[in-house]
file structure_10.tsv (TSV, C-alpha atoms)
chain	number	residue	atom	x	y	z
A	13	MET	CA	-18.29	25.49	7.48
A	14	GLU	CA	-21.04	22.91	6.98
A	15	SER	CA	-22.08	20.28	9.49
A	16	SER	CA	-22.23	16.58	8.66
A	17	SER	CA	-21.60	14.67	11.90
A	18	ALA	CA	-23.38	13.72	15.12
A	19	MET	CA	-24.11	16.53	17.54
A	20	VAL	CA	-21.89	17.24	20.56
A	21	PRO	CA	-22.11	19.50	23.64
A	22	PHE	CA	-20.97	23.10	23.30
A	23	PRO	CA	-17.48	23.02	24.85
A	24	LEU	CA	-17.70	26.36	26.67
A	25	LEU	CA	-20.60	25.36	28.93
A	26	THR	CA	-19.57	24.89	32.54
A	27	THR	CA	-19.32	21.25	33.52
A	28	PRO	CA	-20.75	18.85	34.45
A	29	ILE	CA	-23.39	19.85	31.89
A	30	GLU	CA	-25.91	17.35	33.28
A	31	SER	CA	-26.19	19.25	36.56
A	32	THR	CA	-25.26	22.82	35.59
A	33	TYR	CA	-27.06	23.39	32.28
A	34	ARG	CA	-30.79	23.66	31.71
A	35	PRO	CA	-31.64	25.28	28.37
A	36	CYS	CA	-35.22	26.38	29.12
A	37	THR	CA	-35.54	29.65	31.04
A	38	ILE	CA	-39.24	29.37	31.85
A	39	PRO	CA	-40.33	26.17	33.67
A	40	TYR	CA	-43.14	24.84	31.50
A	41	ARG	CA	-43.83	21.81	33.65
A	42	PHE	CA	-42.78	20.12	36.86
A	43	ALA	CA	-42.29	16.51	37.86
A	44	SER	CA	-45.73	16.50	39.49
A	45	ASP	CA	-47.49	17.49	36.24
A	46	SER	CA	-49.27	14.80	34.25
A	47	PRO	CA	-47.33	13.98	31.05
A	48	ARG	CA	-50.66	13.54	29.25
A	49	LYS	CA	-52.11	16.94	30.13
A	50	ALA	CA	-50.86	20.27	28.87
A	51	THR	CA	-49.83	22.68	31.63
A	52	PRO	CA	-51.15	26.29	31.64
A	53	ALA	CA	-47.72	27.50	30.41
A	54	GLU	CA	-47.74	25.00	27.54
A	55	VAL	CA	-51.29	25.99	26.58
A	56	ALA	CA	-50.23	29.65	26.54
A	57	TRP	CA	-47.33	28.88	24.17
A	58	ILE	CA	-49.47	26.70	21.92
A	59	ASP	CA	-51.76	29.73	21.63
A	60	VAL	CA	-48.75	31.90	20.68
A	61	PHE	CA	-47.90	29.47	17.87
A	62	ARG	CA	-51.54	29.31	16.79
A	63	LYS	CA	-51.78	33.11	16.48
A	64	SER	CA	-48.80	33.07	14.11
A	65	ILE	CA	-50.40	30.67	11.60
A	66	ALA	CA	-52.16	33.42	9.64
A	67	SER	CA	-48.92	35.36	9.20
A	68	PHE	CA	-46.98	32.25	8.14
A	69	ARG	CA	-49.70	31.32	5.65
A	70	LYS	CA	-49.81	34.80	4.13
A	71	HIS	CA	-46.06	34.87	3.54
A	72	ALA	CA	-46.13	31.37	2.07
A	73	GLU	CA	-48.92	32.32	-0.34
A	74	LEU	CA	-46.79	35.18	-1.69
A	75	ASP	CA	-43.89	32.89	-2.65
A	76	ASP	CA	-43.87	33.19	-6.45
A	77	SER	CA	-41.13	30.55	-6.74
A	78	VAL	CA	-43.74	27.87	-5.92
A	79	SER	CA	-46.40	27.24	-8.57
A	80	ASP	CA	-49.05	26.00	-6.13
A	81	ALA	CA	-48.10	28.31	-3.26
A	82	GLN	CA	-51.66	29.05	-2.18
A	83	ALA	CA	-52.67	25.40	-2.03
A	84	ARG	CA	-49.54	24.40	-0.15
A	85	ALA	CA	-49.92	27.33	2.25
A	86	ALA	CA	-53.47	26.23	3.00
A	87	GLN	CA	-52.27	22.66	3.56
A	88	PHE	CA	-49.58	23.89	5.93
A	89	SER	CA	-52.09	25.99	7.85
A	90	GLU	CA	-54.43	23.03	8.30
A	91	ARG	CA	-51.69	20.53	9.25
A	92	TYR	CA	-49.89	22.87	11.64
A	93	GLY	CA	-53.16	23.79	13.34
A	94	LYS	CA	-53.96	20.10	13.73
A	95	ILE	CA	-50.55	19.44	15.32
A	96	LEU	CA	-51.15	22.24	17.83
A	97	ASP	CA	-54.60	20.82	18.61
A	98	ASP	CA	-53.02	17.41	19.20
A	99	LEU	CA	-50.35	18.87	21.49
A	100	GLN	CA	-52.93	20.69	23.56
A	101	GLU	CA	-54.97	17.50	23.89
A	102	ASP	CA	-51.93	15.29	24.60
A	103	PRO	CA	-48.47	16.91	25.04
A	104	GLU	CA	-46.72	13.66	24.06
A	105	SER	CA	-48.67	13.15	20.83
A	106	HIS	CA	-45.85	14.51	18.64
A	107	GLY	CA	-42.91	13.87	20.93
A	108	GLY	CA	-43.68	16.89	23.14
A	109	PRO	CA	-44.30	20.60	22.52
A	110	PRO	CA	-41.91	22.31	20.14
A	111	ASP	CA	-38.94	23.22	22.49
A	112	CYS	CA	-40.34	35.95	2.55
A	113	VAL	CA	-36.90	36.26	3.96
A	114	GLU	CA	-34.92	36.90	0.75
A	115	GLU	CA	-36.71	40.19	0.10
A	116	GLU	CA	-35.97	41.47	3.62
A	117	ASN	CA	-32.29	40.61	3.23
A	118	ALA	CA	-32.17	42.63	0.01
A	119	LYS	CA	-33.88	45.65	1.62
A	120	SER	CA	-31.52	45.55	4.58
A	121	LEU	CA	-28.38	45.21	2.43
A	122	ILE	CA	-29.29	48.48	0.71
A	123	LEU	CA	-29.14	50.25	4.10
A	124	PHE	CA	-26.01	48.48	5.38
A	125	GLU	CA	-23.42	51.09	4.41
A	126	GLN	CA	-25.56	53.98	5.66
A	127	VAL	CA	-26.11	52.33	9.04
A	128	VAL	CA	-22.44	51.38	9.48
A	129	THR	CA	-21.36	54.92	8.56
A	130	LEU	CA	-23.61	56.34	11.26
A	131	PHE	CA	-22.01	54.01	13.81
A	132	ASP	CA	-18.49	54.84	12.58
A	133	ASN	CA	-19.16	58.56	12.88
A	134	THR	CA	-19.65	58.20	16.64
A	135	GLU	CA	-16.17	59.03	17.93
A	136	ASP	CA	-16.73	58.15	21.60
A	137	GLY	CA	-16.07	54.40	21.95
A	138	GLY	CA	-18.58	53.86	24.74
A	139	LYS	CA	-21.34	55.71	22.90
A	140	ARG	CA	-20.54	53.83	19.68
A	141	LEU	CA	-20.91	50.53	21.54
A	142	GLU	CA	-24.26	51.63	22.95
A	143	ASN	CA	-25.44	52.57	19.46
A	144	LEU	CA	-24.31	49.17	18.14
A	145	ILE	CA	-26.22	47.38	20.93
A	146	ARG	CA	-29.29	49.47	20.22
A	147	GLY	CA	-28.88	48.47	16.58
A	148	VAL	CA	-28.94	44.80	17.57
A	149	PHE	CA	-32.20	45.36	19.47
A	150	ALA	CA	-33.72	47.37	16.61
A	151	GLY	CA	-32.84	44.64	14.12
A	152	ASN	CA	-34.27	41.99	16.42
A	153	ILE	CA	-37.70	43.67	16.30
A	154	PHE	CA	-38.41	42.07	12.92
A	155	ASP	CA	-39.65	38.60	13.79
A	156	LEU	CA	-42.29	36.60	11.96
A	157	GLY	CA	-42.49	34.39	15.06
A	158	ALA	CA	-44.20	37.22	16.95
A	159	ALA	CA	-47.64	37.56	15.40
A	160	GLN	CA	-48.19	41.20	16.45
A	161	LEU	CA	-44.85	42.32	15.04
A	162	ALA	CA	-45.40	40.42	11.81
A	163	GLU	CA	-48.71	42.27	11.35
A	164	VAL	CA	-47.10	45.65	12.05
A	165	PHE	CA	-44.29	44.94	9.58
A	166	GLU	CA	-46.77	43.84	6.93
A	167	ARG	CA	-48.86	46.97	7.41
A	168	ASP	CA	-46.34	49.72	8.11
A	169	GLY	CA	-42.93	48.39	7.15
A	170	LEU	CA	-39.97	48.76	9.46
A	171	SER	CA	-37.78	51.82	9.83
A	172	PHE	CA	-34.52	50.57	11.30
A	173	LEU	CA	-33.14	53.96	12.28
A	174	ALA	CA	-36.44	55.00	13.87
A	175	SER	CA	-36.50	51.72	15.77
A	176	CYS	CA	-33.03	52.45	17.21
A	177	GLU	CA	-34.33	55.75	18.58
A	178	ASN	CA	-37.66	54.41	19.82
A	179	LEU	CA	-36.60	51.48	21.98
A	180	LEU	CA	-38.22	51.40	25.41
A	181	PRO	CA	-36.36	53.71	27.80
A	182	ARG	CA	-33.74	52.33	30.15
A	183	PRO	CA	-33.39	50.72	32.55
A	184	TRP	CA	-34.40	47.65	30.56
A	185	VAL	CA	-35.73	44.54	32.27
A	186	ILE	CA	-32.17	43.13	32.42
A	187	ASP	CA	-29.71	45.94	31.84
A	188	ASP	CA	-25.99	45.19	32.07
A	189	LEU	CA	-25.09	47.71	29.38
A	190	GLU	CA	-22.86	49.81	31.64
A	191	THR	CA	-21.06	46.71	32.94
A	192	PHE	CA	-20.47	45.45	29.40
A	193	LYS	CA	-19.38	48.93	28.30
A	194	SER	CA	-16.82	49.00	31.13
A	195	SER	CA	-15.35	45.66	29.99
A	196	TRP	CA	-15.41	46.77	26.34
A	197	MET	CA	-13.40	49.88	27.13
A	198	ARG	CA	-10.68	48.11	29.14
A	199	LYS	CA	-10.22	44.74	27.40
A	200	SER	CA	-10.51	42.94	24.09
A	201	TRP	CA	-11.37	39.35	23.29
A	202	LYS	CA	-9.35	36.89	21.24
A	203	LYS	CA	-12.33	35.09	19.70
A	204	ALA	CA	-16.09	35.64	19.90
A	205	VAL	CA	-18.75	33.09	18.96
A	206	ILE	CA	-22.07	34.76	18.04
A	207	PHE	CA	-25.26	32.71	17.79
A	208	VAL	CA	-27.36	34.70	15.29
A	209	ASP	CA	-31.14	34.93	15.01
A	210	ASN	CA	-33.30	36.34	12.21
A	211	SER	CA	-32.76	37.19	8.57
A	212	GLY	CA	-33.24	40.72	7.25
A	213	ALA	CA	-32.56	43.71	9.48
A	214	ASP	CA	-31.60	41.52	12.43
A	215	ILE	CA	-28.52	39.93	10.86
A	216	VAL	CA	-27.64	42.63	8.30
A	217	LEU	CA	-28.16	45.85	10.29
A	218	GLY	CA	-27.89	44.52	13.83
A	219	ILE	CA	-25.36	41.72	14.13
A	220	LEU	CA	-23.02	42.38	11.17
A	221	PRO	CA	-22.14	45.95	12.27
A	222	PHE	CA	-21.47	44.62	15.80
A	223	ALA	CA	-19.35	41.77	14.42
A	224	ARG	CA	-17.46	44.24	12.19
A	225	GLU	CA	-16.64	46.37	15.24
A	226	LEU	CA	-15.24	43.30	17.01
A	227	LEU	CA	-13.12	42.55	13.92
A	228	ARG	CA	-11.83	46.11	13.91
A	229	ARG	CA	-10.69	45.61	17.52
A	230	GLY	CA	-8.74	42.48	16.55
A	231	THR	CA	-11.24	39.83	17.66
A	232	GLN	CA	-11.78	36.74	15.53
A	233	VAL	CA	-15.53	36.35	15.02
A	234	VAL	CA	-17.44	33.10	14.45
A	235	LEU	CA	-21.06	33.50	13.34
A	236	ALA	CA	-23.15	30.40	14.12
A	237	ALA	CA	-26.38	30.00	12.14
A	238	ASN	CA	-29.12	27.38	11.88
A	239	ASP	CA	-28.72	24.35	9.65
A	240	LEU	CA	-32.34	24.43	8.41
A	241	PRO	CA	-35.06	27.12	8.15
A	242	SER	CA	-37.15	27.88	11.24
A	243	ILE	CA	-39.67	30.72	10.95
A	244	ASN	CA	-37.50	33.59	9.61
A	245	ASP	CA	-34.22	32.60	11.30
A	246	VAL	CA	-31.22	32.99	9.02
A	247	THR	CA	-29.68	29.71	7.89
A	248	TYR	CA	-26.02	28.87	7.38
A	249	SER	CA	-26.32	28.93	3.57
A	250	GLU	CA	-28.22	32.24	3.62
A	251	LEU	CA	-25.65	33.80	5.94
A	252	VAL	CA	-22.77	32.77	3.67
A	253	GLU	CA	-24.53	34.55	0.80
A	254	ILE	CA	-25.33	37.66	2.87
A	255	VAL	CA	-21.76	38.05	4.10
A	256	SER	CA	-20.42	37.64	0.57
A	257	LYS	CA	-22.52	40.65	-0.44
A	258	VAL	CA	-21.10	42.98	2.22
A	259	LYS	CA	-17.49	41.99	1.56
A	260	GLU	CA	-15.28	43.71	-0.99
A	261	MET	CA	-11.94	42.54	-2.36
A	262	LYS	CA	-8.97	44.91	-2.26
A	263	ASP	CA	-5.34	43.98	-2.97
A	264	GLY	CA	-6.19	40.30	-2.61
A	265	ARG	CA	-7.85	40.70	0.82
A	266	GLU	CA	-11.50	40.80	1.87
A	267	TYR	CA	-12.90	43.82	3.71
A	268	ILE	CA	-16.25	44.88	5.14
A	269	LEU	CA	-16.43	48.62	4.59
A	270	GLY	CA	-12.74	49.10	5.25
A	271	VAL	CA	-12.36	46.53	8.05
A	272	ASP	CA	-10.26	43.43	7.34
A	273	ALA	CA	-12.61	40.42	7.26
A	274	LYS	CA	-10.01	37.63	7.21
A	275	ASN	CA	-10.94	36.71	10.80
A	276	LEU	CA	-14.66	36.34	10.11
A	277	LEU	CA	-15.87	32.73	10.03
A	278	ILE	CA	-19.33	31.29	9.44
A	279	VAL	CA	-20.36	27.93	10.84
A	280	ASN	CA	-23.42	25.69	10.83
A	281	SER	CA	-24.70	25.36	14.42
A	282	GLY	CA	-26.53	22.13	13.59
A	283	SER	CA	-29.82	23.50	14.93
A	284	ASP	CA	-33.17	23.66	13.14
A	285	LEU	CA	-35.14	25.41	15.91
A	286	PRO	CA	-35.81	29.08	16.82
A	287	VAL	CA	-34.32	28.26	20.23
A	288	ILE	CA	-31.12	26.32	20.95
A	289	ASP	CA	-30.12	23.55	23.31
A	290	LEU	CA	-26.36	23.87	23.68
A	291	SER	CA	-26.11	20.23	24.71
A	292	TYR	CA	-26.39	19.48	20.98
A	293	VAL	CA	-24.34	21.52	18.51
A	294	SER	CA	-22.41	20.60	15.40
A	295	PRO	CA	-18.86	19.25	15.87
A	296	GLU	CA	-17.63	22.00	13.54
A	297	LEU	CA	-19.05	24.68	15.86
A	298	ALA	CA	-17.61	22.91	18.90
A	299	TYR	CA	-14.17	22.76	17.28
A	300	LEU	CA	-14.15	26.46	16.35
A	301	SER	CA	-15.42	27.45	19.80
A	302	ASN	CA	-12.84	25.64	21.93
A	303	ASP	CA	-10.55	28.64	22.34
A	304	ALA	CA	-13.19	31.42	22.31
A	305	ASP	CA	-13.27	33.83	25.23
A	306	LEU	CA	-16.62	35.48	24.47
A	307	VAL	CA	-19.98	33.83	23.71
A	308	VAL	CA	-22.81	36.01	22.38
A	309	LEU	CA	-26.37	34.68	22.15
A	310	GLU	CA	-28.80	36.91	20.28
A	311	GLY	CA	-32.58	36.90	19.97
A	312	MET	CA	-35.50	36.05	22.21
A	313	GLY	CA	-35.38	32.32	21.43
A	314	ARG	CA	-31.66	31.72	21.98
A	315	ALA	CA	-30.86	34.35	24.62
A	316	ILE	CA	-34.05	34.73	26.68
A	317	GLU	CA	-36.43	31.76	26.28
A	318	THR	CA	-33.41	29.48	26.38
A	319	ASN	CA	-29.93	30.04	27.81
A	320	LEU	CA	-30.68	33.19	29.82
A	321	TYR	CA	-29.21	31.49	32.89
A	322	ALA	CA	-26.67	29.32	31.06
A	323	GLN	CA	-23.20	29.47	32.61
A	324	PHE	CA	-20.05	29.49	30.48
A	325	LYS	CA	-16.35	29.02	31.08
A	326	CYS	CA	-15.71	32.40	29.45
A	327	ASP	CA	-17.36	35.83	29.23
A	328	SER	CA	-20.90	35.76	27.84
A	329	LEU	CA	-23.36	38.29	26.45
A	330	LYS	CA	-27.07	37.64	25.96
A	331	LEU	CA	-29.01	40.13	23.81
A	332	GLY	CA	-32.66	40.09	22.83
A	333	MET	CA	-36.01	41.84	22.76
A	334	VAL	CA	-39.03	40.55	24.70
A	335	LYS	CA	-41.71	40.05	22.05
A	336	HIS	CA	-44.21	37.77	23.79
A	337	PRO	CA	-46.40	38.91	26.74
A	338	GLU	CA	-45.78	35.59	28.51
A	339	VAL	CA	-42.03	36.19	28.55
A	340	ALA	CA	-42.46	39.81	29.68
A	341	GLU	CA	-44.64	38.65	32.57
A	342	PHE	CA	-42.14	35.97	33.60
A	343	LEU	CA	-39.26	38.48	33.63
A	344	GLY	CA	-41.30	41.18	35.35
A	345	GLY	CA	-40.76	43.57	32.45
A	346	ARG	CA	-42.61	45.25	29.61
A	347	LEU	CA	-43.58	43.95	26.18
A	348	TYR	CA	-40.78	44.98	23.76
A	349	ASP	CA	-38.40	45.42	26.69
A	350	CYS	CA	-34.73	44.70	26.05
A	351	VAL	CA	-32.36	42.23	27.67
A	352	ILE	CA	-28.60	42.69	27.84
A	353	LYS	CA	-27.12	40.21	30.28
A	354	TYR	CA	-23.33	40.23	30.55
A	355	THR	CA	-21.28	37.87	32.68
A	356	GLU	CA	-17.52	38.28	33.00
A	357	VAL	CA	-15.46	35.31	34.08
A	358	ILE	CA	-12.52	36.34	36.22
A	359	PRO	CA	-9.53	33.97	35.74
call {"tool": "encode", "arguments": {"input": "structure_10.tsv", "output": "structure tokens"}}
result
Amino acid sequence: MESSSAMVPFPLLTTPIESTYRPCTIPYRFASDSPRKATPAEVAWIDVFRKSIASFRKHAELDDSVSDAQARAAQFSERYGKILDDLQEDPESHGGPPDCVEEENAKSLILFEQVVTLFDNTEDGGKRLENLIRGVFAGNIFDLGAAQLAEVFERDGLSFLASCENLLPRPWVIDDLETFKSSWMRKSWKKAVIFVDNSGADIVLGILPFARELLRRGTQVVLAANDLPSINDVTYSELVEIVSKVKEMKDGREYILGVDAKNLLIVNSGSDLPVIDLSYVSPELAYLSNDADLVVLEGMGRAIETNLYAQFKCDSLKLGMVKHPEVAEFLGGRLYDCVIKYTEVIP
């Protein structure tokens, strides 16, 4: 479902939104800070963006669909670097600090059936859920927005199954897995809205198997994806194409490896950022979310850097991997630590 109208607040946020919702998890500045001088936290994040320029440029240069890819990549590198310099000099210079993919999708789609079969072969429901959650974390490792991880992926590739096994040991920095597992085993949800993150292994091998398991349990699933590209985040149009490739038609109905997919919906969130401010989402997403009883936010940008402390009118699950040292320090955890934060709303 595409978006074409003015943005609206996400209807499942607790109200009044003005006093109960603050998207940013880490306080980058306070009222006493000069609006014309970058704070230490803002300088640190500008440096994070700056370190990613080389990786972005390299991937852009390899785009054989663009005749002058190298020249345009160089132009991007210069212009983006200049914007970051401007922001560090004057945070208000560009309205404030900012609050290759096709190949990775193809690689991940080849592994999809194998990965899902491994999950399906786990008979114990609680253990299967844990494996699915670990799969979400393993998929979330691939992130061109984290310079170190982008370099590792470029050099060594990414083994999804090995990543599932080699996550940092529990307890994770925020670890509500047992609480979520308890709810999972005793209840089901009518409708789940999942805010997705990256292309490639993240969406194909992490989120889609989890969404398929929800469908198998009778939950309607709404996948919300970005309107426009941002780093390697999956977009609405890309997600529609990816899902079409994992579906199969049988007797006039669509299935995902044997699970009825009639209750799987895809919607444009209206966002064009690697984070999300739920004060502004597409009306289509708001409409589809009105009667949901589970909200899932996935990825460091949407579930940790923003919305970690967001309160909802229904159950919520926040999943992500900590891929920046600054975030690990703020949370008191380790680099590449995992976050699973589950909040159950008791009627």
call {"tool": "closest_residue", "arguments": {"input": "structure_10.tsv", "among": "A:Asp284, A:Glu356, A:Glu30, A:Asp102", "to": "A:Lys199", "atoms": "all atoms listed in the file"}}
result
A:Glu356
call {"tool": "closest_residue", "arguments": {"input": "structure_10.tsv", "among": "A:Ala236, A:Ala50, A:Leu285, A:Ile65", "to": "A:Ala86", "atoms": "all atoms listed in the file"}}
result
A:Ile65
call {"tool": "atom_distance", "arguments": {"input": "structure_10.tsv", "atom1": "atom CA of A:Pro39", "atom2": "atom CA of A:Pro286"}}
result
17.7 Å
call {"tool": "closest_residue", "arguments": {"input": "structure_10.tsv", "among": "A:Ala53, A:Leu144, A:Val20, A:Leu217", "to": "A:Lys193", "atoms": "only C-alpha atoms"}}
result
A:Leu144
call {"tool": "atom_distance", "arguments": {"input": "structure_10.tsv", "atom1": "atom CA of A:Arg84", "atom2": "atom CA of A:Arg69"}}
result
9.0 Å
call {"tool": "closest_residue", "arguments": {"input": "structure_10.tsv", "among": "A:Leu96, A:Val293, A:Ile215, A:Cys36", "to": "A:Lys63", "atoms": "all atoms listed in the file"}}
result
A:Leu96
call {"tool": "atom_distance", "arguments": {"input": "structure_10.tsv", "atom1": "atom CA of A:Val357", "atom2": "atom CA of A:Arg182"}}
result
25.3 Å
call {"tool": "residues_around", "arguments": {"input": "structure_10.tsv", "residues": "A:Asp132", "least_positions_apart": "4", "cutoff": "10 Å", "atoms": "all atoms listed in the file", "output": "list in words"}}
result
Gln126, Val127, Val128, Asp136, Gly137, Arg140, Leu144, Pro221 and Glu225 of chain A
call {"tool": "closest_residue", "arguments": {"input": "structure_10.tsv", "among": "A:Thr51, A:Thr26, A:Thr37, A:Ser249", "to": "A:Val339", "atoms": "only C-alpha atoms"}}
result
A:Thr37
call {"tool": "residues_around", "arguments": {"input": "structure_10.tsv", "residues": "A:Met197", "least_positions_apart": "3", "cutoff": "12 Å", "atoms": "all atoms listed in the file", "output": "JSON, numbers by chain"}}
result
{"A": [136, 137, 138, 139, 140, 141, 142, 190, 191, 192, 193, 194, 200, 201, 229]}
call {"tool": "decode", "arguments": {"input": "structure_10.tsv", "residues": "stretch 303-321 of chain A", "atoms": "N, CA, C and O atoms", "output": "PDB file, in the first residue's frame"}}
result
ATOM      1  N   ASP A 303      -6.093  -1.281  14.751  1.00  0.00           N
ATOM      2  CA  ASP A 303      -6.568  -2.404  15.546  1.00  0.00           C
ATOM      3  C   ASP A 303      -5.473  -3.424  15.863  1.00  0.00           C
ATOM      4  O   ASP A 303      -5.761  -4.552  16.275  1.00  0.00           O
ATOM      5  N   ALA A 304      -4.199  -3.051  15.683  1.00  0.00           N
ATOM      6  CA  ALA A 304      -3.096  -3.967  15.989  1.00  0.00           C
ATOM      7  C   ALA A 304      -2.934  -4.108  17.498  1.00  0.00           C
ATOM      8  O   ALA A 304      -3.200  -3.179  18.260  1.00  0.00           O
ATOM      9  N   ASP A 305      -2.493  -5.275  17.936  1.00  0.00           N
ATOM     10  CA  ASP A 305      -2.238  -5.482  19.361  1.00  0.00           C
ATOM     11  C   ASP A 305      -0.789  -5.855  19.651  1.00  0.00           C
ATOM     12  O   ASP A 305      -0.444  -6.220  20.768  1.00  0.00           O
ATOM     13  N   LEU A 306       0.073  -5.744  18.621  1.00  0.00           N
ATOM     14  CA  LEU A 306       1.513  -5.920  18.815  1.00  0.00           C
ATOM     15  C   LEU A 306       2.260  -5.009  17.847  1.00  0.00           C
ATOM     16  O   LEU A 306       1.987  -5.025  16.642  1.00  0.00           O
ATOM     17  N   VAL A 307       3.191  -4.217  18.370  1.00  0.00           N
ATOM     18  CA  VAL A 307       4.058  -3.372  17.549  1.00  0.00           C
ATOM     19  C   VAL A 307       5.484  -3.877  17.706  1.00  0.00           C
ATOM     20  O   VAL A 307       5.969  -4.060  18.831  1.00  0.00           O
ATOM     21  N   VAL A 308       6.151  -4.141  16.579  1.00  0.00           N
ATOM     22  CA  VAL A 308       7.536  -4.602  16.584  1.00  0.00           C
ATOM     23  C   VAL A 308       8.382  -3.569  15.849  1.00  0.00           C
ATOM     24  O   VAL A 308       8.100  -3.238  14.698  1.00  0.00           O
ATOM     25  N   LEU A 309       9.400  -3.058  16.519  1.00  0.00           N
ATOM     26  CA  LEU A 309      10.368  -2.153  15.900  1.00  0.00           C
ATOM     27  C   LEU A 309      11.696  -2.887  15.824  1.00  0.00           C
ATOM     28  O   LEU A 309      12.169  -3.434  16.832  1.00  0.00           O
ATOM     29  N   GLU A 310      12.296  -2.914  14.630  1.00  0.00           N
ATOM     30  CA  GLU A 310      13.510  -3.696  14.438  1.00  0.00           C
ATOM     31  C   GLU A 310      14.632  -2.838  13.903  1.00  0.00           C
ATOM     32  O   GLU A 310      14.423  -1.975  13.047  1.00  0.00           O
ATOM     33  N   GLY A 311      15.840  -3.075  14.431  1.00  0.00           N
ATOM     34  CA  GLY A 311      17.023  -2.379  13.952  1.00  0.00           C
ATOM     35  C   GLY A 311      17.496  -1.316  14.929  1.00  0.00           C
ATOM     36  O   GLY A 311      16.722  -0.761  15.703  1.00  0.00           O
ATOM     37  N   MET A 312      18.774  -1.018  14.864  1.00  0.00           N
ATOM     38  CA  MET A 312      19.350  -0.056  15.804  1.00  0.00           C
ATOM     39  C   MET A 312      18.718   1.323  15.672  1.00  0.00           C
ATOM     40  O   MET A 312      18.445   1.996  16.673  1.00  0.00           O
ATOM     41  N   GLY A 313      18.455   1.765  14.438  1.00  0.00           N
ATOM     42  CA  GLY A 313      17.907   3.102  14.241  1.00  0.00           C
ATOM     43  C   GLY A 313      16.501   3.260  14.762  1.00  0.00           C
ATOM     44  O   GLY A 313      16.179   4.239  15.442  1.00  0.00           O
ATOM     45  N   ARG A 314      15.624   2.285  14.475  1.00  0.00           N
ATOM     46  CA  ARG A 314      14.205   2.413  14.836  1.00  0.00           C
ATOM     47  C   ARG A 314      13.877   1.905  16.231  1.00  0.00           C
ATOM     48  O   ARG A 314      12.900   2.347  16.833  1.00  0.00           O
ATOM     49  N   ALA A 315      14.681   0.952  16.746  1.00  0.00           N
ATOM     50  CA  ALA A 315      14.332   0.320  18.020  1.00  0.00           C
ATOM     51  C   ALA A 315      15.246   0.698  19.177  1.00  0.00           C
ATOM     52  O   ALA A 315      14.893   0.471  20.327  1.00  0.00           O
ATOM     53  N   ILE A 316      16.424   1.268  18.879  1.00  0.00           N
ATOM     54  CA  ILE A 316      17.372   1.596  19.949  1.00  0.00           C
ATOM     55  C   ILE A 316      17.673   3.094  19.967  1.00  0.00           C
ATOM     56  O   ILE A 316      17.429   3.770  20.971  1.00  0.00           O
ATOM     57  N   GLU A 317      18.189   3.620  18.844  1.00  0.00           N
ATOM     58  CA  GLU A 317      18.506   5.056  18.804  1.00  0.00           C
ATOM     59  C   GLU A 317      17.257   5.915  18.886  1.00  0.00           C
ATOM     60  O   GLU A 317      17.294   7.029  19.405  1.00  0.00           O
ATOM     61  N   THR A 318      16.168   5.411  18.347  1.00  0.00           N
ATOM     62  CA  THR A 318      14.863   6.042  18.555  1.00  0.00           C
ATOM     63  C   THR A 318      13.890   4.975  19.038  1.00  0.00           C
ATOM     64  O   THR A 318      14.054   3.785  18.753  1.00  0.00           O
ATOM     65  N   ASN A 319      12.930   5.397  19.813  1.00  0.00           N
ATOM     66  CA  ASN A 319      11.781   4.579  20.240  1.00  0.00           C
ATOM     67  C   ASN A 319      12.073   3.500  21.274  1.00  0.00           C
ATOM     68  O   ASN A 319      11.177   2.720  21.598  1.00  0.00           O
ATOM     69  N   LEU A 320      13.279   3.448  21.824  1.00  0.00           N
ATOM     70  CA  LEU A 320      13.564   2.446  22.841  1.00  0.00           C
ATOM     71  C   LEU A 320      12.631   2.612  24.041  1.00  0.00           C
ATOM     72  O   LEU A 320      12.190   1.625  24.641  1.00  0.00           O
ATOM     73  N   TYR A 321      12.319   3.857  24.381  1.00  0.00           N
ATOM     74  CA  TYR A 321      11.466   4.121  25.538  1.00  0.00           C
ATOM     75  C   TYR A 321      10.059   4.549  25.140  1.00  0.00           C
ATOM     76  O   TYR A 321       9.285   5.007  25.983  1.00  0.00           O
TER      77      TYR A 321
END
